[in-house]
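Colleague: Take a look at the following structure, please.
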Amino acid sequence: MQVTMTVNDVEVTREIEGRLLLVHFLRDVLGLTGTHWGCDTSNCGTCVVWLDGEPVKSCTVLAAMAGGHEVRTVEGLASGAELDPVQQGFMQCHGLQCGFCTPGMMMTARALLNRNPDPSEPEIREAISGQICRCTGYSTIVRSVRWAAVHEQTAAAQVVETTESPAAGEISDAGQPAGSPA
Amino acid sequence: MQVPAPFEYERATSVDQAIGLLERLGGTARLIAGGHSLLPMMKLRLANFDYLIDINDLHPELGYIRPGRHELRIGALTRHRELLESAELAAAFPIFADAERVIADPIVRNRGTLGGSLCQADPSEDLSAVCTTLDASCVIRGPGGVERIVSMEEFHVGPYETAVGEAEMLIEVRLPVRPGGGSAYEKVERRAGDWAVVSAGAAIWLDRGVISDARVGLAAVGPNTTGIPEVSAALRGQAPTESVFARAGEIAASQCEPVTDQRGSADYKRHLAAELTKRALRRAAERARS
């Protein structure tokens, strides 16, 4: 069967088998190996990508089910050369050890911040509760997400200040305006 | 790498078209909604089908929570996350939010559906226990738009087996709304998001300080989620006191049929059935009072 979907803003069409899982479509067919594949049973969460903006475990979604929908993977997280604040946070706060769970963790973190720009530590832990870091580096992961939240809010506040002044410059790259989660 | 055996994928465009496909393809076809129970079973070859009919596009038709005066209706394709986040549902039946918080994890809850959970008919499944507790009715549609309504007792025929026929589809769950009610859900699991070792749902209705009716539904202690009518009989007409709840727990423990497995011994599960029934009733009564 033929499937067409948008992956990281690019429309792709491929001939696939009905039983092909989304994780294997992304990795093996499209070569997007940033999405990892771990437990195969929807437990570990390394395969988390977005389907229409919501995190899903792509080992338990058929590629065919994503047909006509929008998929975003960790490769689509940065804006060009500029890393997403979540990626920066993982760098700043050492949110990774072996790095295996990192792509999934970052996709979940980004989705969380889109809905809740200022999550508490328990809220972050709840959001990632379906994902396993086998290095057990959860503390630094939580810290990384908090870093991204704080960084983004500070950046947003600066944008508001800049736009309110008569000498407002180019703001489109500076992040989301304050108080308006995407 | 675990993948399902080969099958043909079809995508449904409406409820009646999906039923038409089922009618044509018969027992070789299965509906897939969230897929988070079905796909793992197909990967493990515990289930095999020649056709999967994807009904996710029917969410606009079947994803809804509609409060009404006498009953609250939930579309079968309503996702766990929608159930968890619905203020109307939480106000009418707080047991739903209690249960949803302990069903799998937030990411799985983005996909899984109410109808899928009930149709999976796993004896440990939380929403089945919730719907049993709340005396839900299931609306099943067949060819020609013919609908029939069955109770939860009739719906679950056995483990992984429901009253839904080969060319039929569960489309809606209806929950009776009665005044003065409170409800709660208690679960013991081995780790976050796991199946229940045992769980208990309770719903209680108070009239001038006396229990006018109560229901308890247990999961993971028998071939299906189990309503315990003896508990209802013992609670009716009583004041909502600790000793009454303890008695209800004893009845629940004696009426259930747990088995010893890797999640625990039958004795331990019986103990949990008693304790969780007591806790759920206590919390349901607190909510009924407030």
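Ordering of the structure tokens sets the chain letters (A, B, ...), residue numbers begin anew at 1 in every chain, and ligands are numbered from 1 in the order given.
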Considering only C-alpha atoms, return as a list in words whatever protein or nucleic-acid residues lie within 10 Å of Ala167 in chain B, sequence-local ones (same chain, fewer than 3 positions apart) excluded.
Modeller: Ala18, Ile19, Gly20, Leu21, Leu22, Glu23, Arg24, Leu25, Gly26, Gly27, Ala29, Arg30, Arg141, Gly142, Pro143 and Val164 of chain B
Colleague: Can you write out the residues you just picked, keeping N, CA, C and O atoms, as a PDB file, in the first residue's frame?
Modeller:
```
ATOM      1  N   ALA B  18     -17.455   1.316   8.399  1.00  0.00           N
ATOM      2  CA  ALA B  18     -16.622   0.350   9.143  1.00  0.00           C
ATOM      3  C   ALA B  18     -17.404  -0.930   9.388  1.00  0.00           C
ATOM      4  O   ALA B  18     -16.879  -2.039   9.210  1.00  0.00           O
ATOM      5  N   ILE B  19     -18.660  -0.782   9.765  1.00  0.00           N
ATOM      6  CA  ILE B  19     -19.501  -1.970  10.011  1.00  0.00           C
ATOM      7  C   ILE B  19     -19.718  -2.734   8.697  1.00  0.00           C
ATOM      8  O   ILE B  19     -19.704  -3.969   8.678  1.00  0.00           O
ATOM      9  N   GLY B  20     -19.858  -1.986   7.603  1.00  0.00           N
ATOM     10  CA  GLY B  20     -19.979  -2.626   6.294  1.00  0.00           C
ATOM     11  C   GLY B  20     -18.747  -3.461   5.966  1.00  0.00           C
ATOM     12  O   GLY B  20     -18.854  -4.597   5.467  1.00  0.00           O
ATOM     13  N   LEU B  21     -17.578  -2.923   6.273  1.00  0.00           N
ATOM     14  CA  LEU B  21     -16.329  -3.672   6.046  1.00  0.00           C
ATOM     15  C   LEU B  21     -16.297  -4.930   6.911  1.00  0.00           C
ATOM     16  O   LEU B  21     -15.940  -6.017   6.442  1.00  0.00           O
ATOM     17  N   LEU B  22     -16.691  -4.782   8.173  1.00  0.00           N
ATOM     18  CA  LEU B  22     -16.706  -5.941   9.076  1.00  0.00           C
ATOM     19  C   LEU B  22     -17.668  -7.005   8.565  1.00  0.00           C
ATOM     20  O   LEU B  22     -17.384  -8.197   8.634  1.00  0.00           O
ATOM     21  N   GLU B  23     -18.794  -6.557   8.050  1.00  0.00           N
ATOM     22  CA  GLU B  23     -19.800  -7.478   7.541  1.00  0.00           C
ATOM     23  C   GLU B  23     -19.228  -8.287   6.370  1.00  0.00           C
ATOM     24  O   GLU B  23     -19.438  -9.484   6.239  1.00  0.00           O
ATOM     25  N   ARG B  24     -18.477  -7.575   5.526  1.00  0.00           N
ATOM     26  CA  ARG B  24     -17.920  -8.207   4.335  1.00  0.00           C
ATOM     27  C   ARG B  24     -16.754  -9.136   4.694  1.00  0.00           C
ATOM     28  O   ARG B  24     -16.627 -10.229   4.142  1.00  0.00           O
ATOM     29  N   LEU B  25     -15.911  -8.691   5.650  1.00  0.00           N
ATOM     30  CA  LEU B  25     -14.675  -9.426   5.933  1.00  0.00           C
ATOM     31  C   LEU B  25     -14.832 -10.463   7.040  1.00  0.00           C
ATOM     32  O   LEU B  25     -13.989 -11.350   7.196  1.00  0.00           O
ATOM     33  N   GLY B  26     -15.883 -10.326   7.848  1.00  0.00           N
ATOM     34  CA  GLY B  26     -16.156 -11.314   8.891  1.00  0.00           C
ATOM     35  C   GLY B  26     -15.084 -11.384   9.955  1.00  0.00           C
ATOM     36  O   GLY B  26     -14.412 -10.393  10.259  1.00  0.00           O
ATOM     37  N   GLY B  27     -14.909 -12.573  10.516  1.00  0.00           N
ATOM     38  CA  GLY B  27     -14.016 -12.763  11.657  1.00  0.00           C
ATOM     39  C   GLY B  27     -12.544 -12.597  11.339  1.00  0.00           C
ATOM     40  O   GLY B  27     -11.707 -12.620  12.246  1.00  0.00           O
ATOM     41  N   ALA B  29     -11.337  -9.944  10.246  1.00  0.00           N
ATOM     42  CA  ALA B  29     -11.024  -8.518  10.374  1.00  0.00           C
ATOM     43  C   ALA B  29     -11.195  -8.056  11.815  1.00  0.00           C
ATOM     44  O   ALA B  29     -11.980  -8.633  12.575  1.00  0.00           O
ATOM     45  N   ARG B  30     -10.464  -7.021  12.162  1.00  0.00           N
ATOM     46  CA  ARG B  30     -10.589  -6.445  13.506  1.00  0.00           C
ATOM     47  C   ARG B  30     -10.486  -4.938  13.391  1.00  0.00           C
ATOM     48  O   ARG B  30      -9.690  -4.425  12.597  1.00  0.00           O
ATOM     49  N   ARG B 141     -23.604  -1.142  17.737  1.00  0.00           N
ATOM     50  CA  ARG B 141     -24.292  -0.955  16.454  1.00  0.00           C
ATOM     51  C   ARG B 141     -23.892  -2.059  15.479  1.00  0.00           C
ATOM     52  O   ARG B 141     -22.728  -2.455  15.421  1.00  0.00           O
ATOM     53  N   GLY B 142     -24.872  -2.505  14.725  1.00  0.00           N
ATOM     54  CA  GLY B 142     -24.632  -3.543  13.729  1.00  0.00           C
ATOM     55  C   GLY B 142     -25.033  -3.075  12.344  1.00  0.00           C
ATOM     56  O   GLY B 142     -25.315  -1.888  12.136  1.00  0.00           O
ATOM     57  N   PRO B 143     -25.058  -3.992  11.374  1.00  0.00           N
ATOM     58  CA  PRO B 143     -25.427  -3.642   9.995  1.00  0.00           C
ATOM     59  C   PRO B 143     -26.804  -2.992   9.929  1.00  0.00           C
ATOM     60  O   PRO B 143     -27.693  -3.332  10.717  1.00  0.00           O
ATOM     61  N   VAL B 164     -19.900  -8.049  21.580  1.00  0.00           N
ATOM     62  CA  VAL B 164     -19.885  -7.404  20.260  1.00  0.00           C
ATOM     63  C   VAL B 164     -19.681  -8.474  19.181  1.00  0.00           C
ATOM     64  O   VAL B 164     -18.699  -9.216  19.216  1.00  0.00           O
TER      65      VAL B 164
END
```
Colleague: Set out as a Markdown table a contact list for chain A and chain B with a cut-off of 8 Å, giving each residue of chain A that qualifies its closest atom pair and distance in Å to one decimal, counting only C-alpha atoms, ordered by chain and rising residue number.
Modeller:
```
| residue | atom | partner | partner_atom | distance |
| --- | --- | --- | --- | --- |
| A:Glu17 | CA | B:Pro6 | CA | 7.7 |
| A:Gly18 | CA | B:Tyr9 | CA | 5.2 |
| A:Arg19 | CA | B:Pro6 | CA | 5.8 |
| A:Leu20 | CA | B:Val3 | CA | 7.3 |
| A:Leu21 | CA | B:Val3 | CA | 7.3 |
| A:Asp40 | CA | B:Gln2 | CA | 6.5 |
| A:Thr41 | CA | B:Pro40 | CA | 6.1 |
| A:Ser42 | CA | B:Val108 | CA | 7.6 |
| A:Glu54 | CA | B:Asn110 | CA | 7.1 |
| A:Pro55 | CA | B:Ile107 | CA | 5.8 |
| A:Val56 | CA | B:Ile107 | CA | 5.5 |
| A:Lys57 | CA | B:Ile107 | CA | 6.9 |
| A:Thr60 | CA | B:His36 | CA | 6.1 |
| A:Val61 | CA | B:Gly35 | CA | 7.1 |
| A:Ala64 | CA | B:Tyr9 | CA | 7.5 |
| A:Met65 | CA | B:Asp54 | CA | 7.1 |
| A:Glu126 | CA | B:Pro106 | CA | 7.6 |
| A:Ala127 | CA | B:Pro106 | CA | 6.2 |
| A:Ile128 | CA | B:Pro106 | CA | 7.9 |
| A:Ser129 | CA | B:Asp105 | CA | 6.2 |
| A:Gly130 | CA | B:Asp105 | CA | 4.9 |
```
Colleague: As a count of residues only, list the residues of range 148-264 of chain B assigned to strand (DSSP E or B) by DSSP on the backbone atoms of this structure.
Modeller: 52
Colleague: Using only C-alpha atoms, which of the listed residues (A:Leu62, A:Leu96, A:Ala78, A:Ala149) sits closest to Leu26 in chain A?
Modeller: A:Leu62
Colleague: Identify all residues of range 12-140 of chain A in helix (DSSP H, G or I) (DSSP on the backbone) and supply them as a ChimeraX atom specification.
Modeller: /A:22-29,58-60,63-66,74-76,85-92,102-115,121-127,138-140
Colleague: Just checking: using only C-alpha atoms, which residue out of B:Ala202, B:Leu84, B:Leu272, B:Ala233 ends up closest to Val221 in chain B?
Modeller: B:Leu272
Colleague: Could you please determine the separation between CA of Thr108 in chain A and CA of Val197 in chain B in Å, to one decimal place?
Modeller: 28.2 Å
Colleague: Tell me, in Å to one decimal, how far CA of Gly237 in chain B is from CA of Arg283 in chain B.
Modeller: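 Computing it gives 18.4 Å between the two atoms.
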Colleague: With only C-alpha atoms as the basis for distance, which of A:Ala109, A:Met1, A:Gln153, A:Ser58 is at the shortest distance from Glu15 in chain A?
Modeller: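 That would be A:Met1, the residue with the smallest distance to Glu15 in chain A.
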Colleague: Point out the residue among A:Ala63, A:Leu112, A:Gln97, A:Thr46 with the least atom-to-atom distance to Asp28 in chain A, counting only C-alpha atoms.
Modeller: A:Ala63
Colleague: Set the distance at 6 Å and use only C-alpha atoms: which residues neighbour range 123-126 of chain B once local chain neighbours fewer than 3 positions away are removed? I'd like the list as a PDB file with N, CA, C and O atoms, in the first residue's frame.
Modeller:
```
ATOM      1  N   ALA B 129     -13.542  -1.919  34.966  1.00  0.00           N
ATOM      2  CA  ALA B 129     -13.953  -1.913  36.374  1.00  0.00           C
ATOM      3  C   ALA B 129     -14.744  -0.654  36.698  1.00  0.00           C
ATOM      4  O   ALA B 129     -15.749  -0.699  37.416  1.00  0.00           O
ATOM      5  N   PRO B 159     -12.924 -13.603  29.549  1.00  0.00           N
ATOM      6  CA  PRO B 159     -11.680 -12.862  29.350  1.00  0.00           C
ATOM      7  C   PRO B 159     -11.428 -12.636  27.846  1.00  0.00           C
ATOM      8  O   PRO B 159     -11.503 -13.589  27.067  1.00  0.00           O
ATOM      9  N   ALA B 196      -3.289  -3.761  37.048  1.00  0.00           N
ATOM     10  CA  ALA B 196      -3.574  -3.831  38.478  1.00  0.00           C
ATOM     11  C   ALA B 196      -3.166  -5.183  39.042  1.00  0.00           C
ATOM     12  O   ALA B 196      -3.358  -6.213  38.401  1.00  0.00           O
ATOM     13  N   ALA B 219     -11.291  -5.321  39.702  1.00  0.00           N
ATOM     14  CA  ALA B 219     -10.541  -5.800  38.541  1.00  0.00           C
ATOM     15  C   ALA B 219      -9.414  -6.715  38.996  1.00  0.00           C
ATOM     16  O   ALA B 219      -8.904  -6.583  40.111  1.00  0.00           O
ATOM     17  N   ALA B 220      -9.054  -7.632  38.137  1.00  0.00           N
ATOM     18  CA  ALA B 220      -7.911  -8.542  38.322  1.00  0.00           C
ATOM     19  C   ALA B 220      -8.136  -9.626  39.372  1.00  0.00           C
ATOM     20  O   ALA B 220      -7.193 -10.230  39.848  1.00  0.00           O
ATOM     21  N   PRO B 223     -12.360 -13.874  36.194  1.00  0.00           N
ATOM     22  CA  PRO B 223     -12.252 -13.936  34.737  1.00  0.00           C
ATOM     23  C   PRO B 223     -12.664 -12.635  34.054  1.00  0.00           C
ATOM     24  O   PRO B 223     -12.306 -12.388  32.905  1.00  0.00           O
ATOM     25  N   ASN B 224     -13.442 -11.813  34.736  1.00  0.00           N
ATOM     26  CA  ASN B 224     -13.833 -10.511  34.201  1.00  0.00           C
ATOM     27  C   ASN B 224     -13.826  -9.504  35.345  1.00  0.00           C
ATOM     28  O   ASN B 224     -13.765  -9.897  36.508  1.00  0.00           O
ATOM     29  N   THR B 225     -13.914  -8.232  34.983  1.00  0.00           N
ATOM     30  CA  THR B 225     -14.144  -7.270  36.064  1.00  0.00           C
ATOM     31  C   THR B 225     -15.503  -7.628  36.658  1.00  0.00           C
ATOM     32  O   THR B 225     -16.419  -8.025  35.964  1.00  0.00           O
TER      33      THR B 225
END
```
Colleague: One decimal, Å: what's the distance from CA of Ile251 in chain B over to CA of Arg279 in chain B, could you say?
Modeller: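 Between CA of Ile251 in chain B and CA of Arg279 in chain B the gap works out to 14.1 Å.
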Colleague: Go through B:Glu257, B:Asp16, B:Glu61, B:Glu189 and flag the residue nearest Glu168 in chain B, using only C-alpha atoms for the distances.
Modeller: B:Asp16
Colleague: Name the residues in contact with Leu127 in chain B at a cut-off of 9 Å, using only C-alpha atoms, excluding same-chain residues fewer than 5 positions from it; report them as a list in words.
Modeller: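 Result of the neighbour search: Phe96, Ala99, Glu100, Ile103, Leu114, Ser117, Leu118 and Thr132 of chain B.
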Colleague: Set the distance at 10 Å and use only C-alpha atoms: which residues neighbour Cys47 in chain A once local chain neighbours fewer than 5 positions away are removed? I'd like the list as a PyMOL selection string.
Modeller: chain A and resi 22-24+34-40+42+55-60+73+100-105+107+131
Colleague: Can you spit out the residues from that selection as a short mmCIF file (atom, residue, chain, number, x, y, z; two decimals), in the first residue's frame, using N, CA and C atoms?
Modeller:
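Here's the written file part.cif:
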```cif
data_model
loop_
_atom_site.label_atom_id
_atom_site.label_comp_id
_atom_site.auth_asym_id
_atom_site.auth_seq_id
_atom_site.Cartn_x
_atom_site.Cartn_y
_atom_site.Cartn_z
N LEU A 22 5.42 2.55 12.70
CA LEU A 22 5.89 3.91 12.43
C LEU A 22 7.38 4.05 12.76
N VAL A 23 7.81 3.44 13.86
CA VAL A 23 9.23 3.58 14.25
C VAL A 23 10.14 3.03 13.16
N HIS A 24 9.75 1.91 12.55
CA HIS A 24 10.60 1.31 11.51
C HIS A 24 10.50 2.11 10.22
N GLY A 34 17.33 9.16 14.50
CA GLY A 34 17.27 9.85 15.79
C GLY A 34 16.21 9.24 16.69
N THR A 35 15.12 8.79 16.11
CA THR A 35 14.10 8.08 16.88
C THR A 35 14.63 6.70 17.20
N HIS A 36 14.74 6.40 18.48
CA HIS A 36 15.31 5.12 18.87
C HIS A 36 14.21 4.10 19.07
N TRP A 37 14.63 2.88 19.16
CA TRP A 37 13.69 1.79 19.23
C TRP A 37 14.23 0.84 20.28
N GLY A 38 13.43 0.66 21.36
CA GLY A 38 13.97 -0.03 22.52
C GLY A 38 13.25 -1.31 22.87
N CYS A 39 12.09 -1.19 23.51
CA CYS A 39 11.49 -2.37 24.15
C CYS A 39 10.48 -3.09 23.28
N ASP A 40 9.92 -2.39 22.29
CA ASP A 40 8.94 -3.01 21.40
C ASP A 40 7.56 -3.18 22.02
N SER A 42 5.81 -0.70 24.08
CA SER A 42 5.22 0.56 24.56
C SER A 42 5.59 0.89 26.00
N PRO A 55 2.72 13.54 21.66
CA PRO A 55 3.67 12.43 21.76
C PRO A 55 2.98 11.08 21.65
N VAL A 56 3.56 10.19 20.87
CA VAL A 56 3.07 8.81 20.78
C VAL A 56 4.28 7.88 20.79
N LYS A 57 4.02 6.63 21.16
CA LYS A 57 5.09 5.63 21.11
C LYS A 57 5.03 4.98 19.74
N SER A 58 6.02 5.27 18.91
CA SER A 58 5.91 4.91 17.50
C SER A 58 6.14 3.43 17.24
N CYS A 59 6.47 2.67 18.29
CA CYS A 59 6.56 1.21 18.12
C CYS A 59 5.18 0.59 18.20
N THR A 60 4.18 1.38 18.58
CA THR A 60 2.83 0.84 18.72
C THR A 60 1.84 1.65 17.86
N THR A 73 9.83 14.34 14.45
CA THR A 73 10.82 13.53 15.16
C THR A 73 11.87 14.47 15.75
N PHE A 100 20.54 7.19 25.00
CA PHE A 100 19.60 6.35 24.26
C PHE A 100 18.15 6.85 24.39
N CYS A 101 17.78 7.28 25.59
CA CYS A 101 16.40 7.72 25.81
C CYS A 101 16.20 9.17 25.41
N THR A 102 17.31 9.87 25.13
CA THR A 102 17.26 11.33 24.98
C THR A 102 16.30 11.84 23.91
N PRO A 103 16.30 11.29 22.70
CA PRO A 103 15.38 11.83 21.69
C PRO A 103 13.92 11.77 22.14
N GLY A 104 13.53 10.64 22.69
CA GLY A 104 12.15 10.51 23.16
C GLY A 104 11.86 11.46 24.30
N MET A 105 12.82 11.55 25.24
CA MET A 105 12.64 12.45 26.38
C MET A 105 12.47 13.89 25.90
N MET A 107 11.36 14.95 22.98
CA MET A 107 10.08 15.16 22.30
C MET A 107 8.94 15.30 23.32
N GLN A 131 8.55 6.74 30.23
CA GLN A 131 9.81 6.60 29.52
C GLN A 131 10.91 6.18 30.49
#
```
